[in-house]
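Student: So I've got this file, protein08.tsv, and it contains TSV, C-alpha atoms:
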```tsv
chain	number	residue	atom	x	y	z
A	1	MET	CA	43.47	56.96	50.31
A	2	GLU	CA	46.84	58.62	50.74
A	3	ASP	CA	47.40	62.12	49.37
A	4	LYS	CA	50.02	60.84	46.93
A	5	GLU	CA	47.55	58.37	45.44
A	6	LEU	CA	44.87	61.03	45.23
A	7	LEU	CA	47.20	63.44	43.46
A	8	ALA	CA	48.35	60.74	41.04
A	9	LYS	CA	44.73	60.00	40.10
A	10	VAL	CA	43.88	63.68	39.65
A	11	ARG	CA	46.96	64.33	37.52
A	12	ASN	CA	46.41	61.28	35.31
A	13	PRO	CA	44.26	62.45	32.35
A	14	ASP	CA	42.44	59.09	32.33
A	15	THR	CA	41.34	59.35	35.96
A	16	THR	CA	41.19	63.13	36.60
A	17	ASN	CA	37.45	63.34	37.25
A	18	TYR	CA	37.42	60.24	39.44
A	19	GLY	CA	40.48	61.42	41.38
A	20	PHE	CA	39.06	64.91	41.85
A	21	ASN	CA	35.77	63.49	43.08
A	22	LEU	CA	37.68	61.50	45.69
A	23	LEU	CA	39.63	64.61	46.68
A	24	VAL	CA	36.44	66.62	47.19
A	25	ARG	CA	34.89	63.86	49.28
A	26	ALA	CA	38.06	63.65	51.39
A	27	TYR	CA	38.27	67.35	52.19
A	28	GLN	CA	34.83	68.88	51.67
A	29	GLN	CA	33.74	68.85	55.30
A	30	ARG	CA	36.94	70.30	56.69
A	31	VAL	CA	36.89	73.07	54.05
A	32	TYR	CA	33.19	73.76	54.52
A	33	TRP	CA	33.34	74.08	58.29
A	34	HIS	CA	36.45	76.23	58.12
A	35	VAL	CA	34.59	78.57	55.79
A	36	ARG	CA	31.26	78.39	57.60
A	37	LYS	CA	32.76	79.50	60.90
A	38	MET	CA	34.09	82.58	59.16
A	39	VAL	CA	31.12	83.63	57.03
A	40	ILE	CA	28.34	82.26	59.30
A	41	ASP	CA	25.70	81.97	56.57
A	42	HIS	CA	25.24	78.50	54.95
A	43	ASP	CA	24.56	79.83	51.43
A	44	ASP	CA	27.70	81.97	51.49
A	45	ALA	CA	29.72	79.05	52.85
A	46	ASP	CA	28.28	76.79	50.14
A	47	ASP	CA	29.23	79.22	47.35
A	48	LEU	CA	32.70	79.72	48.74
A	49	THR	CA	33.33	76.01	49.23
A	50	GLN	CA	32.46	75.33	45.60
A	51	GLU	CA	34.72	78.18	44.44
A	52	ILE	CA	37.55	76.85	46.57
A	53	PHE	CA	37.40	73.38	45.08
A	54	ILE	CA	37.16	74.79	41.55
A	55	LYS	CA	40.33	76.75	42.30
A	56	VAL	CA	41.93	73.58	43.65
A	57	TYR	CA	41.03	71.77	40.43
A	58	LYS	CA	42.42	74.54	38.23
A	59	SER	CA	45.69	74.90	40.11
A	60	ILE	CA	46.40	71.32	41.20
A	61	HIS	CA	49.17	71.17	38.59
A	62	THR	CA	51.00	73.95	40.48
A	63	PHE	CA	51.01	72.08	43.78
A	64	ARG	CA	54.66	71.27	44.37
A	65	GLU	CA	54.08	68.77	47.20
A	66	ASP	CA	56.42	70.75	49.47
A	67	SER	CA	53.61	70.80	52.02
A	68	GLN	CA	50.70	68.57	52.89
A	69	LEU	CA	47.86	68.58	50.38
A	70	TYR	CA	45.48	69.59	53.15
A	71	THR	CA	47.69	72.57	54.10
A	72	TRP	CA	47.66	73.75	50.48
A	73	ILE	CA	43.88	73.40	50.19
A	74	TYR	CA	43.39	75.09	53.56
A	75	ARG	CA	45.55	77.99	52.40
A	76	ILE	CA	43.33	78.50	49.35
A	77	ALA	CA	40.24	78.29	51.55
A	78	THR	CA	41.67	80.82	54.03
A	79	ASN	CA	42.51	83.31	51.29
A	80	GLU	CA	39.08	82.94	49.73
A	81	CYS	CA	37.39	83.59	53.10
A	82	LEU	CA	39.43	86.71	53.72
A	83	SER	CA	38.79	87.97	50.17
A	84	PHE	CA	35.07	87.34	50.57
A	85	LEU	CA	34.91	89.31	53.81
A	86	GLN	CA	36.96	92.15	52.28
A	87	ARG	CA	34.62	92.33	49.28
A	88	LYS	CA	31.64	92.36	51.61
A	89	LYS	CA	33.05	95.39	53.43
A	90	ARG	CA	33.92	97.22	50.20
A	91	ARG	CA	30.66	96.46	48.40
A	92	PHE	CA	28.50	98.11	51.02
A	93	PHE	CA	31.11	100.61	52.22
A	94	LEU	CA	30.74	99.01	55.61
A	95	PRO	CA	33.32	99.61	58.31
A	96	ILE	CA	34.49	96.51	60.18
A	97	GLY	CA	31.91	96.99	62.95
A	98	ASP	CA	28.94	96.88	60.58
A	99	VAL	CA	30.06	93.67	58.86
A	100	ALA	CA	30.46	92.08	62.28
A	101	GLY	CA	26.99	93.35	63.15
A	102	GLU	CA	25.56	91.87	59.95
A	103	LEU	CA	27.17	88.49	60.62
A	104	SER	CA	26.02	88.65	64.23
A	105	SER	CA	22.43	89.18	63.11
A	106	LYS	CA	22.74	86.06	60.92
A	107	LEU	CA	23.51	84.16	64.13
A	108	ASP	CA	20.19	85.37	65.54
A	109	SER	CA	18.12	84.67	62.43
A	110	SER	CA	19.70	81.58	60.85
A	111	SER	CA	17.66	78.36	60.76
A	112	HIS	CA	20.81	76.28	60.44
A	113	LEU	CA	21.90	76.76	64.03
A	114	SER	CA	21.67	74.73	67.19
A	115	GLY	CA	23.36	75.36	70.47
A	116	ASP	CA	23.09	76.78	73.91
A	117	GLU	CA	23.02	80.49	74.50
A	118	ILE	CA	26.65	80.48	75.66
A	119	HIS	CA	27.83	78.94	72.41
A	120	ILE	CA	26.00	81.53	70.34
A	121	LYS	CA	27.46	84.20	72.61
A	122	LEU	CA	30.91	82.73	71.98
A	123	GLN	CA	30.37	83.01	68.19
A	124	LYS	CA	29.24	86.63	68.60
A	125	ALA	CA	32.35	87.32	70.67
A	126	LEU	CA	34.48	85.86	67.88
A	127	LEU	CA	32.88	88.26	65.40
A	128	LYS	CA	34.36	91.13	67.40
A	129	LEU	CA	37.85	89.94	66.46
A	130	PRO	CA	39.66	91.06	63.28
A	131	ASP	CA	39.20	88.49	60.50
A	132	LYS	CA	42.73	87.13	60.59
A	133	GLN	CA	42.74	86.79	64.36
A	134	ARG	CA	39.38	85.03	64.17
A	135	LEU	CA	40.78	82.65	61.56
A	136	VAL	CA	43.76	81.78	63.75
A	137	PHE	CA	41.51	81.29	66.75
A	138	ASN	CA	39.19	78.94	64.83
A	139	MET	CA	42.07	76.85	63.51
A	140	LYS	CA	43.67	76.54	66.94
A	141	TYR	CA	40.62	76.23	69.16
A	142	PHE	CA	38.04	74.40	67.04
A	143	ASP	CA	40.24	72.51	64.56
A	144	ASP	CA	43.01	71.67	67.08
A	145	MET	CA	45.69	72.51	64.53
A	146	SER	CA	49.26	72.98	65.70
A	147	TYR	CA	50.89	76.39	65.54
A	148	GLU	CA	53.32	74.98	62.97
A	149	GLU	CA	50.47	73.95	60.67
A	150	ILE	CA	48.74	77.32	61.09
A	151	SER	CA	52.07	79.04	60.43
A	152	GLU	CA	52.39	77.20	57.10
A	153	ILE	CA	48.85	78.11	56.09
A	154	THR	CA	48.94	81.78	57.07
A	155	ASN	CA	52.63	82.44	56.46
A	156	THR	CA	52.90	83.91	59.95
A	157	SER	CA	55.53	83.07	62.56
A	158	VAL	CA	54.65	80.68	65.37
A	159	GLY	CA	55.45	83.38	67.93
A	160	ALA	CA	53.06	85.84	66.35
A	161	LEU	CA	50.36	83.18	66.21
A	162	LYS	CA	50.77	82.35	69.89
A	163	ALA	CA	50.49	86.01	70.80
A	164	SER	CA	47.45	86.42	68.54
A	165	PHE	CA	45.66	83.43	70.06
A	166	HIS	CA	46.49	84.52	73.60
A	167	HIS	CA	45.02	88.00	73.01
A	168	ALA	CA	41.98	86.53	71.28
A	169	VAL	CA	41.22	84.35	74.30
A	170	LYS	CA	41.53	87.37	76.62
A	171	LYS	CA	39.17	89.48	74.47
A	172	ILE	CA	36.61	86.68	74.21
A	173	GLU	CA	36.60	86.00	77.95
A	174	GLU	CA	36.18	89.70	78.63
A	175	PHE	CA	33.25	89.92	76.23
A	176	LEU	CA	31.57	86.81	77.66
A	177	SER	CA	32.03	88.00	81.24
A	178	ASN	CA	30.77	91.55	80.61
A	179	ASP	CA	27.90	90.93	78.18
B	1	MET	CA	31.24	86.38	87.09
B	2	LYS	CA	34.38	85.72	85.03
B	3	ILE	CA	33.83	83.19	82.26
B	4	LYS	CA	36.81	81.14	81.13
B	5	LEU	CA	36.98	79.75	77.62
B	6	GLU	CA	38.12	76.38	78.92
B	7	ASP	CA	34.78	76.10	80.80
B	8	ILE	CA	32.82	76.16	77.54
B	9	SER	CA	32.51	72.95	75.53
B	10	LYS	CA	33.66	73.04	71.93
B	11	LYS	CA	30.30	72.64	70.30
B	12	ASN	CA	29.64	73.24	66.60
B	13	ILE	CA	26.45	75.28	66.54
B	14	TYR	CA	26.18	75.33	62.75
B	15	GLU	CA	24.07	72.88	60.77
B	16	VAL	CA	23.74	71.97	57.10
B	17	PRO	CA	20.69	70.96	55.06
B	18	GLU	CA	20.10	67.21	54.94
B	19	GLY	CA	22.15	65.39	52.32
B	20	TYR	CA	24.29	68.44	51.64
B	21	PHE	CA	27.65	66.68	51.69
B	22	GLU	CA	26.34	63.80	49.54
B	23	LYS	CA	25.31	66.22	46.79
B	24	LEU	CA	28.21	68.68	47.00
B	25	PRO	CA	30.86	66.63	45.10
B	26	GLY	CA	28.47	66.19	42.17
B	27	ILE	CA	27.65	69.89	42.07
B	28	ILE	CA	31.33	70.83	42.08
B	29	GLN	CA	32.15	68.23	39.41
B	30	ALA	CA	29.38	69.61	37.17
B	31	ARG	CA	30.69	73.15	37.55
B	32	VAL	CA	34.24	72.05	36.79
B	33	SER	CA	33.10	70.24	33.63
B	34	GLN	CA	31.02	73.23	32.55
B	35	GLN	CA	33.92	75.61	33.07
B	36	GLY	CA	36.23	73.36	31.10
B	37	ARG	CA	33.86	73.43	28.10
B	38	GLY	CA	33.19	77.14	28.41
B	39	ALA	CA	36.82	78.15	28.80
B	40	ALA	CA	37.70	77.31	25.20
B	41	GLU	CA	34.70	79.22	23.89
B	42	THR	CA	35.18	82.27	26.05
B	43	ARG	CA	38.95	82.58	25.66
B	44	PRO	CA	38.84	84.68	22.43
B	45	PHE	CA	36.08	86.81	23.97
B	46	PHE	CA	38.12	87.28	27.09
B	47	MET	CA	41.17	88.26	25.06
B	48	PHE	CA	39.14	90.79	23.07
B	49	THR	CA	37.65	92.20	26.23
B	50	ALA	CA	41.06	92.36	27.89
B	51	LEU	CA	42.49	94.16	24.84
B	52	LYS	CA	39.59	96.60	24.83
B	53	TYR	CA	40.51	97.73	28.33
B	54	ALA	CA	44.26	97.27	28.01
B	55	ALA	CA	44.69	99.43	24.90
B	56	PRO	CA	43.39	102.71	26.40
B	57	ALA	CA	45.33	102.01	29.57
B	58	ILE	CA	48.54	101.52	27.59
B	59	LEU	CA	47.94	104.73	25.61
B	60	LEU	CA	47.29	106.62	28.81
B	61	ALA	CA	50.48	105.25	30.33
B	62	ILE	CA	52.48	106.35	27.27
B	63	ALA	CA	50.94	109.82	27.44
B	64	ILE	CA	51.75	110.11	31.15
B	65	ILE	CA	55.33	108.95	30.59
B	66	TYR	CA	55.71	111.47	27.74
B	67	TRP	CA	54.47	114.35	29.86
B	68	LEU	CA	56.35	113.35	32.99
B	69	LYS	CA	59.69	112.45	31.37
B	70	PRO	CA	61.92	115.52	31.81
B	71	GLY	CA	63.37	117.13	28.71
B	72	MET	CA	61.17	115.23	26.29
B	73	LYS	CA	58.75	118.15	25.86
B	74	GLU	CA	61.63	120.54	25.14
B	75	GLN	CA	62.77	118.67	22.03
B	76	SER	CA	62.22	120.68	18.84
B	77	ALA	CA	61.24	119.25	15.47
B	78	GLU	CA	64.83	119.75	14.30
B	79	ASP	CA	66.14	117.76	17.27
B	80	ILE	CA	63.77	114.92	16.53
B	81	LEU	CA	64.62	114.98	12.81
B	82	ALA	CA	68.32	114.94	13.60
B	83	THR	CA	67.86	111.47	15.05
B	84	VAL	CA	66.51	110.18	11.74
B	85	GLU	CA	68.94	108.90	9.09
B	86	THR	CA	69.25	111.23	6.04
B	87	GLU	CA	68.55	108.42	3.58
B	88	HIS	CA	65.29	107.63	5.42
B	89	LEU	CA	64.30	111.28	5.17
B	90	VAL	CA	65.10	111.32	1.45
B	91	GLU	CA	63.08	108.13	0.94
B	92	TYR	CA	60.15	109.63	2.79
B	93	LEU	CA	60.28	112.87	0.79
B	94	ALA	CA	60.50	110.93	-2.46
B	95	GLU	CA	57.45	108.86	-1.55
B	96	SER	CA	55.50	111.85	-0.26
B	97	GLY	CA	54.77	113.14	-3.79
B	98	LEU	CA	55.91	116.68	-2.99
B	99	THR	CA	57.47	118.62	-5.87
B	100	THR	CA	60.84	120.40	-5.52
B	101	ASP	CA	59.10	123.79	-5.66
B	102	GLU	CA	56.72	122.77	-2.88
B	103	LEU	CA	59.63	121.58	-0.76
B	104	PHE	CA	61.58	124.81	-1.26
B	105	ASP	CA	58.47	126.87	-0.46
B	106	ALA	CA	58.06	124.92	2.76
B	107	ILE	CA	61.65	125.43	3.87
B	108	ASP	CA	62.63	128.72	5.43
B	109	PHE	CA	66.23	129.15	4.24
B	110	SER	CA	68.51	131.52	6.11
B	111	GLU	CA	71.38	133.43	4.39
B	112	ALA	CA	73.83	130.94	5.81
B	113	ASP	CA	71.79	128.02	4.42
B	114	VAL	CA	71.82	129.56	0.92
B	115	THR	CA	75.57	130.12	1.02
B	116	ASP	CA	76.19	126.56	2.17
B	117	ILE	CA	74.05	125.15	-0.63
B	118	GLU	CA	75.74	127.27	-3.27
B	119	ASN	CA	79.17	126.26	-2.05
B	120	ALA	CA	78.17	122.59	-2.11
B	121	VAL	CA	76.75	122.81	-5.63
B	122	TYR	CA	79.28	125.07	-7.34
B	123	PHE	CA	82.53	124.64	-5.47
B	124	ASP	CA	82.47	121.32	-3.58
B	125	PHE	CA	81.51	119.34	-6.65
B	126	SER	CA	84.64	117.80	-8.13
B	127	ILE	CA	85.06	115.63	-11.14
B	128	PRO	CA	87.03	112.45	-10.75
B	129	ASP	CA	90.26	112.61	-12.74
B	130	ASP	CA	89.45	109.60	-14.95
B	131	ASN	CA	86.31	111.36	-16.26
B	132	SER	CA	88.06	114.61	-17.25
B	133	GLU	CA	88.72	113.49	-20.86
B	134	ASP	CA	84.99	112.79	-21.43
B	135	LEU	CA	84.09	116.14	-19.97
B	136	GLU	CA	86.50	118.01	-22.24
B	137	LEU	CA	84.92	116.34	-25.25
B	138	LEU	CA	81.48	117.35	-24.01
B	139	LEU	CA	82.56	120.95	-23.45
B	140	GLU	CA	84.04	121.16	-26.96
B	141	GLU	CA	80.82	119.77	-28.43
B	142	TYR	CA	78.58	122.31	-26.69
B	143	LEU	CA	80.82	125.38	-26.71
B	144	ASP	CA	81.94	125.15	-30.40
B	145	PRO	CA	79.40	127.26	-32.41
B	146	GLU	CA	80.01	125.27	-35.63
B	147	ASP	CA	78.84	122.06	-33.99
B	148	SER	CA	75.80	123.60	-32.32
B	149	VAL	CA	72.63	121.56	-32.77
B	150	VAL	CA	70.48	124.64	-32.79
B	151	GLY	CA	70.24	125.66	-36.29
```
Show the structure stored in the file as structure tokens.
Tutor:
Amino acid sequence: MEDKELLAKVRNPDTTNYGFNLLVRAYQQRVYWHVRKMVIDHDDADDLTQEIFIKVYKSIHTFREDSQLYTWIYRIATNECLSFLQRKKRRFFLPIGDVAGELSSKLDSSSHLSGDEIHIKLQKALLKLPDKQRLVFNMKYFDDMSYEEISEITNTSVGALKASFHHAVKKIEEFLSND
Amino acid sequence: MKIKLEDISKKNIYEVPEGYFEKLPGIIQARVSQQGRGAAETRPFFMFTALKYAAPAILLAIAIIYWLKPGMKEQSAEDILATVETEHLVEYLAESGLTTDELFDAIDFSEADVTDIENAVYFDFSIPDDNSEDLELLLEEYLDPEDSVVG
């Protein structure tokens, strides 16, 4: 179903619940995986994904359709991820390194993981990056999004995004080669 | 050995519990419905709670502005009273229940104040011309000993 149709169903009081259900089914996996790659833990990703869609439901009337629906939802998801990670750091008075260490240990202990050693190493390397840089890297590398789409979501210039991704790749390769 | 990112396959190492994405829309829908019902009930509570925290914050802000605003502390009571309309002051005094004696006891008159008051009462008071005939009649009534009421 096209985004316009989905939005029309959600905004129609007679079909709001049905329309919203369709919206969730259309975007849940993309939102979940975007979040999961950032927070690592399934339970955290599950909580956040639910919160994100509740926010989408509450603010759908403010969506002006000046961007793609998916871009708008992705923007909410991105902000929620960053807020979650900030709260995590503040709650335990952890500096950046310790939060990365905590997330890294989840990679070692989680039952919801499968992959070769190199892939787990890659995820650990990503945790060394600042949150925003990690986000950009995930969107470009794993989600194959264009710089223009990422620019719309993060409100960052395409040039800055290209530089950020380039540096991220260099740091990751260095970590993988030296570790 | 130098590892290049392009040599690593893009594999998703994360997994989800079985049936997770089938159940998720229902869970979210239930939460949305619950929140919709609860929002109406909790709104007055939220407003009360917000007011409870907002009121002290507002008072504190006013106190800070008062102390930080230059010149405000230097205003005397007279300066502040000067900004109030005389008729409002009179109204307030009338409603306050204070007697004239109590008011005069409370006021610290200077010599200049006394002179000003006397001048206003005895010399600034003027009778309109059209009332002068009535006044003359009154004066004759009270000053003539033959017409005195006191026996």
Student: With 9 Å as the limit and counting all atoms listed in the file, what residues in chain A lie close to chain B? Please list them as a ChimeraX atom specification.
Tutor: /A:17,20-22,24-25,28-29,33,36-37,40,42,46,50-51,53-54,57-58,111-116,118-120,122-123,141-142,169-170,172-174,176-178
Student: Which residues, written as an NGL selection string, have at least one atom at most 7 Å from Ala168 of chain A, with all atoms listed in the file counted and residues fewer than 3 positions away on the same chain left out?
Tutor: :A and (133 or 137 or 164-165 or 171-172)
Student: Given the choices A:Lys4, A:Lys106, A:His61, A:Arg75, which gets closest to Lys124 of chain A if the distance is worked out from all atoms listed in the file?
Tutor: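 Closest to Lys124 of chain A, using all atoms listed in the file: A:Lys106.
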Student: What does the distance between atom CA of Ala63 of chain B and atom CA of Val84 of chain B come to in Å, to one decimal place?
Tutor: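 We find that atom CA of Ala63 of chain B and atom CA of Val84 of chain B lie 22.1 Å from each other.
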Student: For Phe84 of chain A, which residue out of A:Glu152, A:Asp44, A:Glu117, A:Asp108 is the nearest one, using only C-alpha atoms?
Tutor: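 Result for the nearest residue to Phe84 of chain A: A:Asp44.
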Student: What gap, in Å, lies between atom CA of Leu6 of chain A and atom CA of Asp47 of chain A?
Tutor: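 Between atom CA of Leu6 of chain A and atom CA of Asp47 of chain A the gap is 24.1 Å.
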